[in-house]
file protein00.cif (mmCIF, C-alpha atoms)
data_target
#
loop_
_atom_site.label_atom_id
_atom_site.label_comp_id
_atom_site.auth_asym_id
_atom_site.auth_seq_id
_atom_site.Cartn_x
_atom_site.Cartn_y
_atom_site.Cartn_z
CA MET G 1 -117.86 -115.93 13.64
CA LYS G 2 -115.81 -117.76 16.31
CA THR G 3 -116.17 -114.74 18.60
CA VAL G 4 -119.94 -114.75 18.24
CA ASN G 5 -120.06 -118.49 18.96
CA ARG G 6 -117.86 -118.11 22.04
CA LEU G 7 -119.95 -115.24 23.39
CA GLU G 8 -123.14 -117.17 22.70
CA ILE G 9 -121.83 -120.20 24.60
CA SER G 10 -120.70 -118.00 27.49
CA TYR G 11 -124.11 -116.35 27.79
CA LEU G 12 -125.89 -119.70 27.53
CA LEU G 13 -123.71 -121.08 30.34
CA TYR G 14 -124.63 -118.02 32.41
CA ALA G 15 -128.32 -118.65 31.73
CA LEU G 16 -127.92 -122.34 32.58
CA ALA G 17 -126.24 -121.45 35.90
CA LEU G 18 -129.21 -119.24 36.80
CA VAL G 19 -131.72 -121.97 35.90
CA VAL G 20 -129.82 -124.66 37.83
CA PHE G 21 -129.43 -122.48 40.91
CA GLY G 22 -133.10 -121.48 40.71
CA ALA G 23 -134.13 -125.13 40.39
CA VAL G 24 -132.09 -126.05 43.48
CA LEU G 25 -133.84 -123.33 45.48
CA LEU G 26 -137.21 -124.41 44.13
CA ILE G 27 -136.72 -128.12 44.85
CA PHE G 28 -134.80 -127.85 48.16
CA PRO G 29 -136.15 -124.78 49.97
CA GLU G 30 -135.50 -126.31 53.35
CA ILE G 31 -131.73 -126.06 52.93
CA SER G 32 -130.36 -124.01 55.80
CA LEU G 33 -130.43 -120.33 55.03
CA GLY G 34 -126.75 -119.96 55.85
CA VAL G 35 -125.89 -122.50 53.15
CA VAL G 36 -128.29 -120.78 50.76
CA GLY G 37 -126.62 -117.47 51.58
CA VAL G 38 -123.11 -118.75 50.87
CA VAL G 39 -124.16 -120.69 47.77
CA SER G 40 -126.13 -117.67 46.53
CA GLY G 41 -123.12 -115.46 47.13
CA ILE G 42 -120.77 -117.80 45.29
CA ALA G 43 -123.17 -118.23 42.37
CA ILE G 44 -123.88 -114.51 42.06
CA ALA G 45 -120.19 -113.61 42.40
CA CYS G 46 -119.34 -116.18 39.69
CA VAL G 47 -121.98 -114.63 37.43
CA GLY G 48 -120.40 -111.25 38.13
CA LEU G 49 -116.93 -112.55 37.27
CA LEU G 50 -118.27 -114.18 34.11
CA ASN G 51 -119.86 -110.88 33.04
CA LEU G 52 -116.60 -109.02 33.69
CA ILE G 53 -114.69 -111.60 31.64
CA LEU G 54 -117.28 -111.24 28.85
CA TYR G 55 -116.94 -107.46 29.02
CA PHE G 56 -113.16 -107.53 28.71
CA ARG G 57 -113.31 -110.19 25.97
CA GLY G 58 -115.82 -107.98 24.18
CA MET G 59 -113.43 -105.02 24.48
CA TYR G 60 -110.69 -107.17 23.01
CA PHE G 61 -112.89 -108.06 20.04
CA GLY G 62 -114.20 -104.51 19.65
CA ILE G 63 -117.71 -105.09 21.02
CA PRO G 64 -117.77 -103.90 24.64
CA SER G 65 -121.13 -103.68 26.40
CA GLY G 66 -121.86 -101.30 29.26
CA PHE G 67 -124.67 -103.67 30.29
CA THR G 68 -122.20 -106.51 30.80
CA LEU G 69 -119.79 -104.33 32.77
CA MET G 70 -122.49 -102.92 35.08
CA THR G 71 -124.16 -106.28 35.77
CA GLY G 72 -120.75 -107.85 36.35
CA LEU G 73 -119.78 -105.25 38.94
CA ALA G 74 -123.21 -105.30 40.61
CA PHE G 75 -123.35 -109.10 40.83
CA LEU G 76 -119.78 -109.36 42.08
CA LEU G 77 -120.58 -106.88 44.86
CA ILE G 78 -123.86 -108.58 45.81
CA GLY G 79 -122.23 -112.02 45.77
CA THR G 80 -119.34 -110.87 47.93
CA LEU G 81 -121.74 -109.36 50.47
CA LEU G 82 -123.68 -112.63 50.67
CA ILE G 83 -120.48 -114.64 51.16
CA ILE G 84 -119.36 -112.31 53.96
CA ARG G 85 -122.77 -112.31 55.72
CA PRO G 86 -124.33 -115.72 54.88
CA GLY G 87 -126.51 -115.99 57.98
CA SER G 88 -128.43 -112.84 57.23
CA GLY G 89 -131.66 -114.78 56.88
CA ALA G 90 -134.19 -115.55 54.20
CA SER G 91 -135.31 -111.97 53.82
CA VAL G 92 -131.83 -110.72 52.93
CA VAL G 93 -131.12 -113.61 50.55
CA THR G 94 -134.51 -113.16 48.90
CA PHE G 95 -134.06 -109.40 48.70
CA VAL G 96 -130.65 -109.78 47.06
CA ILE G 97 -131.90 -112.35 44.55
CA GLY G 98 -134.92 -110.16 43.76
CA LEU G 99 -132.64 -107.15 43.35
CA PHE G 100 -130.35 -109.21 41.10
CA VAL G 101 -133.25 -110.14 38.80
CA ALA G 102 -134.78 -106.62 38.81
CA VAL G 103 -131.43 -104.95 38.02
CA GLU G 104 -130.90 -107.38 35.19
CA GLY G 105 -134.35 -106.40 33.88
CA VAL G 106 -133.44 -102.71 33.95
CA PHE G 107 -130.25 -103.36 32.00
CA ARG G 108 -132.17 -105.51 29.54
CA ILE G 109 -134.58 -102.61 28.91
CA GLN G 110 -131.55 -100.37 28.33
CA ASN G 111 -130.24 -102.94 25.84
CA SER G 112 -133.60 -102.98 24.04
CA ALA G 113 -133.31 -99.23 23.45
CA GLU G 114 -129.79 -99.71 22.06
CA GLU G 115 -130.97 -102.57 19.84
CA ARG G 116 -133.88 -100.48 18.55
CA ARG G 117 -131.48 -97.67 17.71
CA VAL G 118 -129.26 -100.00 15.64
CA GLY G 119 -132.25 -101.47 13.82
CA LEU G 120 -132.80 -104.87 15.42
CA LYS G 121 -136.31 -105.83 14.28
CA ARG G 122 -137.41 -107.63 17.43
CA TRP G 123 -136.01 -105.20 19.98
CA TRP G 124 -139.35 -105.37 21.74
CA MET G 125 -138.55 -108.94 22.82
CA LEU G 126 -135.68 -107.56 24.90
CA LEU G 127 -138.04 -104.93 26.31
CA ALA G 128 -140.63 -107.58 27.23
CA ALA G 129 -137.97 -109.79 28.84
CA GLY G 130 -136.71 -106.81 30.86
CA ILE G 131 -140.20 -105.92 32.09
CA PHE G 132 -140.81 -109.57 32.96
CA ASP G 133 -137.54 -109.70 34.95
CA ILE G 134 -138.39 -106.48 36.81
CA ILE G 135 -141.84 -107.79 37.76
CA PHE G 136 -140.45 -111.10 39.05
CA GLY G 137 -137.60 -109.33 40.83
CA LEU G 138 -139.98 -106.93 42.57
CA LEU G 139 -142.34 -109.78 43.51
CA THR G 140 -139.39 -111.55 45.07
CA ILE G 141 -138.34 -108.42 46.98
CA ILE G 142 -141.85 -107.63 48.22
CA SER G 143 -142.54 -111.31 48.88
CA PRO G 144 -146.08 -111.53 50.22
CA PHE G 145 -145.34 -115.02 51.55
CA SER G 146 -144.28 -115.30 55.17
CA ALA G 147 -142.95 -118.86 55.26
CA ALA G 148 -139.23 -119.10 54.57
CA ALA G 149 -139.66 -122.10 52.23
CA ALA G 150 -142.17 -120.16 50.10
CA VAL G 151 -139.81 -117.18 49.94
CA VAL G 152 -136.89 -119.37 48.86
CA ARG G 153 -139.09 -121.08 46.23
CA LEU G 154 -140.17 -117.70 44.88
CA ALA G 155 -136.51 -116.68 44.62
CA GLY G 156 -135.85 -119.95 42.75
CA ILE G 157 -138.66 -119.23 40.29
CA ALA G 158 -137.30 -115.71 39.74
CA LEU G 159 -133.83 -117.10 38.92
CA ILE G 160 -135.27 -119.71 36.55
CA VAL G 161 -137.26 -117.02 34.74
CA ALA G 162 -134.14 -114.82 34.51
CA GLY G 163 -132.14 -117.76 33.13
CA VAL G 164 -134.74 -118.65 30.52
CA THR G 165 -135.08 -115.04 29.35
CA ASN G 166 -131.27 -114.74 29.21
CA ALA G 167 -131.03 -117.87 27.06
CA ALA G 168 -133.79 -116.67 24.71
CA VAL G 169 -132.24 -113.22 24.32
CA SER G 170 -128.76 -114.69 23.80
CA LEU G 171 -129.96 -117.06 21.09
CA TYR G 172 -131.93 -114.34 19.33
CA VAL G 173 -129.16 -111.74 19.39
CA SER G 174 -126.43 -114.17 18.30
CA ARG G 175 -128.63 -115.44 15.46
CA HIS G 176 -129.17 -111.83 14.35
CA ILE G 177 -125.43 -111.10 14.48
CA LYS G 178 -124.64 -114.27 12.51
CA LYS G 179 -127.16 -113.29 9.83
CA ARG G 180 -125.57 -109.86 9.57
CA ILE G 181 -122.11 -111.38 9.28
CA ASP G 182 -123.32 -113.83 6.62
CA GLY G 183 -125.08 -110.99 4.79
CA ASP G 184 -121.94 -108.87 4.81
CA GLU G 185 -119.91 -111.74 3.42
CA LYS G 186 -122.41 -112.36 0.62
CA ASP G 187 -122.34 -108.69 -0.38
CA THR G 188 -118.54 -108.64 -0.60
CA ILE G 189 -117.07 -108.83 -4.08
CA TYR G 190 -113.70 -110.47 -4.30
CA TYR G 191 -111.35 -109.28 -7.02
CA ILE G 192 -108.63 -111.59 -8.25
CA GLU G 193 -105.58 -109.87 -9.59
CA ARG G 194 -104.32 -111.36 -12.90
#

call {"tool": "encode", "arguments": {"input": "protein00.cif", "output": "structure tokens"}}
result
Amino acid sequence: MKTVNRLEISYLLYALALVVFGAVLLIFPEISLGVVGVVSGIAIACVGLLNLILYFRGMYFGIPSGFTLMTGLAFLLIGTLLIIRPGSGASVVTFVIGLFVAVEGVFRIQNSAEERRVGLKRWWMLLAAGIFDIIFGLLTIISPFSAAAAVVRLAGIALIVAGVTNAAVSLYVSRHIKKRIDGDEKDTIYYIER
């Protein structure tokens, strides 16, 4: 149960980081794009590192996730590129953030298929969250707005949406796992040797 709680807290911190970073972009779009590029790179690289840590912790506890490994590697690469080339402009930053959210949506859809296969009743919630992330990610990439502040705000909204969907999915999945663990413990018969 401790493992589930630790993983739940880790994923909730990840979701909170996305929401906070999205809120900063939404509230302060006029921040220089170079600063946004570096901060975006650091935040995305940290998310990548966190996902890699979660993956290897999951392997240690016997529950590795290909989703966590792939997003960790992708986000680490994207973050590193943004740190190296921070002055690339609003279009690059927005494209990378949109790609980040869309890729996360694709992996979430993959997870929904895995959850359906193992019998999770509300697997469709993961599917809906993945589709929602893909739509917001693509809107951010396409970005019909021409003003840099509007583009940065749209990227902020996309990150907030990704963070909220991550938190909801994390809470739902961990609650499901805890119920299964509790159910398994209730079904166990303990024999006392006399």

call {"tool": "residues_near_point", "arguments": {"input": "protein00.cif", "point": "(-120.7, -109.8, 38.3)", "cutoff": "6 Å", "atoms": "only C-alpha atoms", "output": "number ranges by chain"}}
result
G: 45, 47-49, 51, 71-76

call {"tool": "closest_residue", "arguments": {"input": "protein00.cif", "among": "G:Cys46, G:Val151, G:Leu54, G:Ile109", "to": "G:Phe95", "atoms": "all atoms listed in the file"}}
result
G:Val151

call {"tool": "closest_residue", "arguments": {"input": "protein00.cif", "among": "G:Ala113, G:Ile141, G:Ile42, G:Val24", "to": "G:Ile97", "atoms": "all atoms listed in the file"}}
result
G:Ile141

call {"tool": "atom_distance", "arguments": {"input": "protein00.cif", "atom1": "atom CA of G:Val39", "atom2": "atom CA of G:Phe67"}}
result
24.4 Å

call {"tool": "closest_residue", "arguments": {"input": "protein00.cif", "among": "G:Thr165, G:Thr80, G:Thr94, G:Thr140", "to": "G:Ala128", "atoms": "all atoms listed in the file"}}
result
G:Thr165

call {"tool": "residues_near_point", "arguments": {"input": "protein00.cif", "point": "(-137.4, -107.4, 32.3)", "cutoff": "9 Å", "atoms": "all atoms listed in the file", "output": "list in words"}}
result
Val101, Ala102, Val103, Glu104, Gly105, Val106, Phe107, Arg108, Ile109, Leu126, Leu127, Ala128, Ala129, Gly130, Ile131, Phe132, Asp133, Ile134, Ile135, Phe136, Gly137, Ala162 and Thr165 of chain G
